[in-house]
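One structure is given here, and the rest of the page talks about it.
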Amino acid sequence: MAFEQELLALLPRLRRFARGLTHHPADADDLCQAAIERALKSRDQWQEGTRLDSWMYRITRNIWIDNRRATARRGVHSDIDDGVMQIADDSHRRMEASLELNDVDKAMARLPDEQREAVVLVLVEGYAYKEAAAILDVPVGTLTSRLVRGREALIRELGEAA
Amino acid sequence: MTFDRATIAAFVDGELDLLTAKRLEKALEIDAALAKAVEDERALRSKLASHFAPVIDEALPDRLTALLTASIAENVDDSLGRRRMERKAAMRRPALVQWGAMAASLALGLMIGGYALNRDGGYVSDNKGQMVASGALSDALDTQLAATQSGDSKIRIGTSFASISGDYCRTFESATLDGIACNADGAWQLRQTVSGEKAAQYRQASAGALAEAAAAMMAGDPLDAAQEKAVQDRGWKR
C-alpha cells in the first residue's frame with residue numbers, strides 16, 4: 001500500500017524527468033506509464049528503506065534508453081512493455097513536435113542521449129553528481145564529462161547569459 | 001589560476017570542495033572571463049529549471065494515477081503468472097459457486113431454472129440445473145465458423161479451442177450475451193457469460209476478460225480455420 005502511495009507522490013517529479021528525456025508530453029507520459037507498470041511488476045526488487053526515487057528514475061531511464069537503442073538499431077518504432085510505450089521518432093511526429101517545441105526543448109532534443117540524461121538529472125532534477133551517476137550506473141567522472149559537454153552545447157545553442 | 005569547464009560547472013552545482021570553491025570565488029573578482037563563464041552556467045541552470053518546473057504542477061493524467069490506485073484497490077500481486085494461477089484455481093471451483101459469483105458480479109439478469117431464462121431471446125435454457133445454449137445461440141455454436149460467418153450475424157463466434165477439461169469450447173458475442181460455451185453431453189454448456197448490456201458498455205473490458213478466461217481454459221493453441229471446420233464436422237466431440 002505504502003509503495004503505491006510513495007509512487008503517487010513521486011509522479012510529478014517522474015513526469016518532469018520523463019519530459020526532459022523525451023521532450024514530447026505524450027511520449028513522456030507513455031514512458032512514465034511503462035515505468036510504473038514495470039515498477040509494480042518488480043516491486044519485490046525494491047528494498048524498503050532505500051530511496052524509491054532513485055530506483056524509479058533508474059527504471060524510467062533504462063526503459064527510455066532501451067527504447068532509444070532499439071529504435072536506432074531498427075530505424076523504426078519499437079514496442080516496450082506490451083506495446084504500452086512508443087517513443088515516436090518518425091519524421092511526421094518530429095515535424096509535429098518541432099512546431100510545438102520551444103528553444104529549450106529543441107536544444108535538449110539535439111543533445112546526445114547520454115548528455116541529455118546527465119543534464120536532466122543534475123540541472124533539472126537537482127541530483128548530486130554521485131546520485132546521478134548511481135542512477136545512470138556510470139562512474140562520477142563519466143557523468144561529469146557528459147555533463148560538461150552537454151552544458152557547453154546548451155549554452156552555445158541557447159545563447160549566453162550576458 | 002585557470003579553472004576548467006568541469007570545475008566551473010561543479011562550482012555552480014555546489015559540488016566543488018570547499019578549498020577550490022574559495023579559490024574560484026576569489027578569482028571571480030579579478031577574472032572577467034571566469035565570471036562570465038559562471039554567469040552562463042547559472043543562467044543555464046535557472047533556464048532549464050524554470051522551463052521544466054511547470055510540469056510539477058500539472059494535473060496528473062488519469063491513466064497514470066489509475067495504474068496506482070487500481071493496484072492499491074486490488075492490493076494483489078500484479079504478476080501475470082500469479083493472476084493465471086488464480087484464474088486456473090477459480091476454474092476448478094464447483095460450477096455452482098462460479099455461477100453464483102458471476103451472477104452477482106456481472107448482473108446477468110437471468111434466473112436459473114425455469115422459464116425466465118428465455119429473456120435473452122431464447123439463447124439460454126436450463127438443462128438439469130446446468131445453463132446451456134439454446135435456440136439461435138445453440139445453432140450458431142453448432143454451425144457457424146469464425147472464418148466464414150457473415151458480418152451481420154446476430155451472434156459472432158470468436159475463438160474455438162480445446163479446453164483443459166477435455167471438451168471443445170467457443171467464445172461468442174451477441175447484443176444480449178457474450179460468453180464461452182463448451183460442448184459436453186450433447187449440449188453447449190455456458191461456462192462464462194457477460195450480459196450484453198454490460199458487454200456493450202464495457203466492450204473492451206469484457207472482451208479482454210473473456211479472452212483471458214478463454215486463455216486460462218485453453219489446452220494448447222486456439223483452433224485454426226481448418227481445425228475448426230474438421231472439429232465441427234465431427235460434431236464438436238472429442
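Just remember, in the C-alpha cells the first chain shown is A, the second B, etc., residues are 1-based per chain, and ligands are 1-based in the order shown.
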
Counting only C-alpha atoms, collect the residues of chain A whose closest atom lies at most 7 Å from chain B, and write them out as a compact mmCIF listing (two decimals) with C-alpha atoms, in the first residue's frame.
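Generated output (out-v7.txt):
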# COMPACT_ATOMS: atom_id res chain seq x y z
CA MET A 1 0.00 0.00 0.00
CA GLU A 4 1.86 2.83 -4.48
CA LEU A 8 1.99 8.55 -6.50
CA PRO A 12 5.06 14.80 -10.63
CA ARG A 13 8.85 14.63 -10.48
CA ARG A 16 9.24 16.13 -15.26
CA GLN A 33 3.27 4.53 -17.71
CA LEU A 40 4.55 -2.58 -9.93
CA LYS A 41 5.65 -5.85 -11.50
CA LEU A 123 20.37 20.53 -13.73
CA VAL A 124 16.63 19.86 -13.75
CA THR A 144 30.72 14.95 -15.13
CA VAL A 148 30.20 19.39 -19.23
CA ILE A 155 24.96 27.37 -23.68
CA GLU A 160 24.85 33.26 -23.26
CA ALA A 161 23.65 34.99 -20.16

Ala18 of chain A: which residues within 12 Å, counting only C-alpha atoms, same-chain residues fewer than 4 positions away excluded, as an MDAnalysis selection string?
(chainID A and resid 11:14 22:35 56:65 87 116:117 120:121 124:125) or (chainID B and resid 52 55:56)

For Ser163 of chain B, which of B:Ala136, B:Ala181, B:Leu145, B:Ala27 is the closest residue, counting only C-alpha atoms?
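Of B:Ala136, B:Ala181, B:Leu145, B:Ala27, the one nearest Ser163 of chain B is B:Ala181, counting only C-alpha atoms.
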
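Interatomic distance, atom CA of Gln5 of chain A against atom CA of Glu212 of chain B: 28.7 Å.
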
What's the 9 Å shell around Leu143 of chain A, counting only C-alpha atoms, without same-chain residues fewer than 3 positions away, as a count of residues only?
14

Straight-line distance linking atom CA of Lys237 of chain B with atom CA of Tyr168 of chain B, stated in Å to one decimal
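Interatomic distance, atom CA of Lys237 of chain B to atom CA of Tyr168 of chain B: 7.1 Å.
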